[in-house]
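All remarks here apply to the structure that follows.
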Amino acid sequence: MLNIGKNLKYFFLLPALLSILALAALLMWGLRPGIDLAGGSLLQVTYPNGRPPVAEVQAVVDKLGLGEVRIQPTGTNDYILSQRDLSNQEKNQLEAVLGGFGQFQEDQFNSVGPVLGAELLDKGLISLGLVVICIILFIAFAFRKVSKPVASWKYGIVAIITLLFDVLIPVGVFAALGHFQGAEVDSLFIVALLTILGISINDKIVVFDRIRENLQLNNGRHMDFADTVSKSIRQTLARSINTSLTVVIMLLALYFFGPASTQVFALTLTVGMIVGTYSSIFFASPLLVAWDQWSRSSSAKKK
Amino acid sequence: MRYSAVLILIVAVAIGFFVWKTNAPGGRFAFKLGLDLSGGSELTYNADTSKVPSSQIADSMNALQAVIERRVNAFGVGEPVVQTQQAGALGTGGYRLIVELPGVTDINQAIAMIGQTPTLDFQLVKPGFEASTTNADGSINMAAFEDTGLTGTYITGATLQFGNGSGNALQTQPTVQVNFNAAGTKLFSQITDQNVGRELGIFLDGNLLSAPVIQEKIDNGSAVISGNFTADQAKELATNLNLGALPVPITLASTESIGAILGDQATHAGVIAGLLGFLILCIFMILWYRVPGLVAVVSLVIYGVLMLALFKLIPVVLTAAGIAGFILSVGLAVDANILIAERMKEELQAGHNAHDAIAHGFSRAWNAIRDSNTAHIIVAVILFWFGTSIIKGFALVFGLGVIVSLLSAIIISRTFLLALGISAESRVGRFFMRSGINK
């Protein structure tokens with residue numbers, strides 16, 4: 001199964017399929033930004049004596065002229081109201097109206113102006129760019145001494161391609177979740193994507209490191225590159241899976257038992273880690289072999 | 001080696017004891033919780049620096065921070081945080097003021113606290129406009145006034161006085177005498193010198209209080225403000241002015257408030273998630289890696305204890321994102337142990353004895369450990385730059401976790417493994433040092 005040379009084509013099927021699905025989801029549905037990225041306000045209230053029916057609350061709230069107000073029930077007695085950013089007066093008006101249904105308490109209120117939101121989004125995108133550049137430099141440095149038979153910069157490119165794949169899939173997942181369940185992405189989502197980049201690179205390095213070591217050991221002996229890669233993967237399989245498994249265990253605990261505010265973060269990172277482990281073993285290495293074969297056959301043609 | 005191992009254990013237990021005993025809320029070393037865990041409000045204001053010459057903006061913003069901080073402290077808010085910041089993705093935009101008020105969950109109250117900071121303004125009435133300073137509906141006709149540049153920034157203090165105000169007031173009317181600083185005195189002296197006979201409008205929070213006629217040059221640096229105050233009003237104004245007037249006008253840009261109940265729930269959820277995840281992790285490590293797994297668990301516990309102690313000592317303000325970062329870092333900290341254990345397994349399979357296997361396991365795994373942690377630190381640094389205070393909290397915890405986990409893997413795991421020194425010759429020894437399911 002792990003004979004990469006023979007089964008090269010098949011290894012690319014799943015990554016290609018997943019990438020197309022994720023891209024399609026992203027282009028069709030896009031991501032839903034939360035208020036800290038797009039601006040807006042959120043009010044969470046609890047009615048300890050039982051909450052009034054949504055329709056009634058919606059009717060009363062709509063009359064205030066605050067634009068579109070989305071009311072979501074949560075927990076047993078809570079409502080979350082999402083609307084455009086509110087001035088303090090408007091918020092007091094809203095609460096006065098909500099008080100008409102009975103005693104309630106305000107759990108949290110968050111109002112972000114659109115300028116602040118757009119700024120955070122910009123900063124997030126710049127950070128993503130910075131991390132990608134730093135990682136490229138980092139890999140170039142880490143693999144500067146490996147040249148035969150595949151040049152060191154090729155390892156770097158392959159690593160970047162697989163990293164982009166690792167980030168694309170969680171984004172696609174949230175595009176789908178946003179469309180079907182109204183899931184919103186917040187600034188912690190961007191943090192999770194950045195963290196995926198930083199952690200996933202490990203797995204790639206572990207495998208590439210082993211390939212490098214085996215190539216050095218094989219310097220005297222003739223060994224097919226594809227076989228070297230396959231052997232390296234077999235040797236590092238347990239390590240790759242286990243190092244990711246430990247992180248996923250903690251993340252799943254965080255998702256299922258942790259605070260609500262970090263659930264988007266936990267889910268994004270979990271998907272990213274799983275995809276990342278898969279891509280280090282079954283996507284990055286076949287890419288290396290394919291590249292090696294392609295460059296050898298094209299230089300053979302030149303002769 | 002055995003001595004080192006025992007020493008580490010003793011130190012770790014001592015630190016653990018310290019962490020355990022300093023948990024009383026309000027104690028000097030209790031955990032510092034961010035707003036989203038302790039409950040409180042955060043207000044972000046835009047500061048309008050358009051009328052301030054650019055060389056003085058930094059000073060004005062510092063003065064603004066000091067004024068608001070004094071005011072908030074005067075209201076008895078415990079450990080508020082007042083910061084100034086520049087807007088824009090690259091930090092080159094307008095200026096902002098961020099105020100964090102732990103424990104204050106009523107935004108109305110928070111805004112009132114800050115909103116009461118007075119803005120004091122002195123504007124000259126243009127010649128010929130004396131009769132038309134107010135419009136028909138009573139609002140102020142701003143076209144009748146021209147700016148003098150003298151604002152509340154220049155005031156050093158204010159006192160309540162009973163006495164003569166603008167010449168036509170009763171003898172015992174409450175007034176407020178304000179004193180200017182050196183620059184203010186000079187400016188006031190200039191204004192009064194050059195404009196004798198004109199009216200000088202005194203505006204408080206945009207409301208015209210009075211417009212006394214300038215009788216003569218005033219160079220003692222003090223002015224009397226009268227405006228038909230009651231004694232209470234005058235006293236309040238004097239108090240507010242003493243705490244400081246706003247150097248620049250501010251408008252509210254965003255608000256956030258979280259109730260203490262929600263904050264508590266988030267804290268509990270975070271702690272439970274952490275403990276549960278840790279438990280499952282320990283079970284997995286021991287089952288799969290046996291003795292090295294047990295060593296990993298011990299070094300992980302010491303890692304956790306060290307991190308908690310660092311949170312208390314630095315101190316690190318914990319937010320929900322910070323707890324998430326900590327939980328994540330536990331999962332990553334154990335990875336170094338896994339890399340070492342896997343290398344050891346290879347060495348044992350190659351026929352080395354246990355001692356050599358352990359030593360080689362460490363040195364050969366070091367490259368991978370070093371590289372992966374470097375990547376983590378790069379991400380932590382960039383995140384620290386990117387984020388709001390919540391994200392900074394995550395980045396700090398994450399970065400700290402990387403450093404401490406490096407230490408715990410190298411020093412602690414290595415010491416314990418070598419101290420155990422189980423011979424790999426016996427079958428029992430081989431069983432304990434192997435791992436996984438194959439053989």
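Letters A, B, ... go to the chains of the structure tokens in the order shown; residues in each chain start at 1; ligands are counted from 1 in the same order.
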
- Query: Within 6 Å of chain B, which residues of chain A show up when using only C-alpha atoms, listed as a PyMOL selection string?
  - Reply: chain A and resi 107-113+119+122-123+198+202+243+246-247+250+253-254+257-259

- Query: Can you list, as JSON, numbers by chain, every residue of region 81-320 of chain B that DSSP puts in helix (DSSP H, G or I)?
  - Reply: {"B": [107, 108, 109, 110, 111, 112, 113, 114, 115, 130, 131, 132, 142, 143, 144, 152, 153, 154, 182, 183, 184, 185, 186, 187, 188, 189, 190, 191, 192, 193, 194, 231, 232, 233, 234, 235, 236, 237, 238, 239, 240, 241, 242, 243, 260, 261, 262, 263, 264, 265, 266, 267, 268, 269, 270, 271, 272, 273, 274, 275, 276, 277, 278, 279, 280, 281, 282, 283, 284, 285, 286, 287, 288, 289, 290, 291, 292, 293, 294, 295, 296, 297, 298, 299, 300, 301, 302, 303, 304, 305, 306, 307, 308, 309, 310, 311, 312, 313, 320]}

- Separation of CA of Gly115 (chain B) from CA of Ile155 (chain B), in Å and rounded to one decimal: 18.5 Å

- Two-atom distance - CA of Ala159 (chain A), CA of Lys204 (chain A) (Å):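 Between CA of Ala159 (chain A) and CA of Lys204 (chain A) the gap is 6.5 Å.
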
- Message: Considering only C-alpha atoms, can you say which of A:Val248, A:Ile196, A:Leu267, A:Val191 comes closest to Lys392 (chain B)?
- Response: A:Val191

- Item | Nearest residue to Ala309 (chain B) from the set B:Gln233, B:Asn135, B:Thr92, B:Leu400 (distances using only C-alpha atoms) |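 Counting only C-alpha atoms, the residue closest to Ala309 (chain B) is B:Leu400.
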
- With a distance cut-off of 10 Å and only C-alpha atoms, select the neighbouring residues of Phe11 (chain A), excluding the residue or stretch itself and same-chain residues fewer than 2 positions from it, and output the selection as a PyMOL selection string. chain A and resi 2+4+7-9+13-16+279+281-287

- Task: Fewer than 4 positions away in the same chain doesn't count, so skip those; otherwise give me all residues within 10 Å of Ala22 (chain A), counting only C-alpha atoms, as an NGL selection string.
- Result: :A and (16-18 or 26-28 or 165 or 168-176)

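Note that CA of Leu150 (chain B) and CA of Asp121 (chain B) are 6.4 Å apart.
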
Shell of 10 Å around Ala140 (chain A), only C-alpha atoms, local chain residues under 4 positions omitted, as an mmCIF file with N, CA and C atoms, in the first residue's frame:
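Saved to part-v7.cif:
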data_model
loop_
_atom_site.group_PDB
_atom_site.id
_atom_site.type_symbol
_atom_site.label_atom_id
_atom_site.label_comp_id
_atom_site.auth_asym_id
_atom_site.auth_seq_id
_atom_site.Cartn_x
_atom_site.Cartn_y
_atom_site.Cartn_z
ATOM 1 N N CYS A 134 7.192 33.565 6.336
ATOM 2 C CA CYS A 134 8.160 33.084 7.330
ATOM 3 C C CYS A 134 8.381 31.584 7.204
ATOM 4 N N ILE A 135 7.297 30.872 6.947
ATOM 5 C CA ILE A 135 7.436 29.420 6.851
ATOM 6 C C ILE A 135 8.235 29.037 5.615
ATOM 7 N N ILE A 136 8.000 29.745 4.520
ATOM 8 C CA ILE A 136 8.785 29.464 3.317
ATOM 9 C C ILE A 136 10.273 29.655 3.621
ATOM 10 N N ARG A 144 18.440 23.489 3.463
ATOM 11 C CA ARG A 144 19.380 24.043 2.500
ATOM 12 C C ARG A 144 20.440 23.046 2.048
ATOM 13 N N LYS A 145 20.690 22.004 2.863
ATOM 14 C CA LYS A 145 21.822 21.136 2.511
ATOM 15 C C LYS A 145 21.424 19.895 1.727
ATOM 16 N N SER A 152 16.723 21.144 -2.560
ATOM 17 C CA SER A 152 16.087 21.509 -1.292
ATOM 18 C C SER A 152 14.907 22.431 -1.488
ATOM 19 N N TRP A 153 14.989 23.323 -2.467
ATOM 20 C CA TRP A 153 13.870 24.240 -2.610
ATOM 21 C C TRP A 153 12.607 23.498 -3.035
ATOM 22 N N LYS A 154 12.788 22.351 -3.661
ATOM 23 C CA LYS A 154 11.603 21.591 -4.041
ATOM 24 C C LYS A 154 10.860 21.074 -2.816
ATOM 25 N N TYR A 155 11.615 20.682 -1.789
ATOM 26 C CA TYR A 155 10.950 20.274 -0.553
ATOM 27 C C TYR A 155 10.089 21.413 -0.034
ATOM 28 N N GLY A 156 10.674 22.632 -0.120
ATOM 29 C CA GLY A 156 9.947 23.794 0.375
ATOM 30 C C GLY A 156 8.641 24.008 -0.370
ATOM 31 N N ILE A 157 8.726 23.936 -1.697
ATOM 32 C CA ILE A 157 7.516 24.169 -2.506
ATOM 33 C C ILE A 157 6.463 23.117 -2.186
#

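By chain and then residue number, the residues within 8 Å of Asp48 (chain B) are Asn46, Ser50, Lys51, Gly94, Tyr95, Val248, Pro249, Ile250 and Thr251 of chain B, counting only C-alpha atoms and disregarding those fewer than 2 positions away in sequence.
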
Using only N, CA and C atoms, please write the residues we just selected to a file, as a PDB file, in the first residue's frame.
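Full text of again.pdb as output:
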ATOM      1  N   ASN B  46     -12.873  56.530  19.967  1.00  0.00           N
ATOM      2  CA  ASN B  46     -12.034  57.209  18.987  1.00  0.00           C
ATOM      3  C   ASN B  46     -11.690  58.579  19.545  1.00  0.00           C
ATOM      4  N   SER B  50      -7.849  66.030  15.632  1.00  0.00           N
ATOM      5  CA  SER B  50      -7.714  66.896  14.466  1.00  0.00           C
ATOM      6  C   SER B  50      -7.270  68.305  14.842  1.00  0.00           C
ATOM      7  N   LYS B  51      -7.633  68.744  16.062  1.00  0.00           N
ATOM      8  CA  LYS B  51      -7.273  70.122  16.402  1.00  0.00           C
ATOM      9  C   LYS B  51      -5.931  70.207  17.118  1.00  0.00           C
ATOM     10  N   GLY B  94      -5.924  56.743  13.000  1.00  0.00           N
ATOM     11  CA  GLY B  94      -6.342  57.649  14.070  1.00  0.00           C
ATOM     12  C   GLY B  94      -6.036  57.045  15.423  1.00  0.00           C
ATOM     13  N   TYR B  95      -6.338  57.802  16.455  1.00  0.00           N
ATOM     14  CA  TYR B  95      -5.977  57.382  17.795  1.00  0.00           C
ATOM     15  C   TYR B  95      -7.181  56.875  18.552  1.00  0.00           C
ATOM     16  N   VAL B 248      -8.642  65.821  24.523  1.00  0.00           N
ATOM     17  CA  VAL B 248      -9.224  65.734  23.181  1.00  0.00           C
ATOM     18  C   VAL B 248     -10.607  65.120  23.311  1.00  0.00           C
ATOM     19  N   PRO B 249     -11.527  65.494  22.422  1.00  0.00           N
ATOM     20  CA  PRO B 249     -12.858  64.895  22.500  1.00  0.00           C
ATOM     21  C   PRO B 249     -12.811  63.417  22.114  1.00  0.00           C
ATOM     22  N   ILE B 250     -13.663  62.625  22.753  1.00  0.00           N
ATOM     23  CA  ILE B 250     -13.684  61.194  22.445  1.00  0.00           C
ATOM     24  C   ILE B 250     -15.103  60.743  22.123  1.00  0.00           C
ATOM     25  N   THR B 251     -15.217  59.817  21.178  1.00  0.00           N
ATOM     26  CA  THR B 251     -16.522  59.238  20.858  1.00  0.00           C
ATOM     27  C   THR B 251     -16.421  57.729  20.955  1.00  0.00           C
TER      28      THR B 251
END
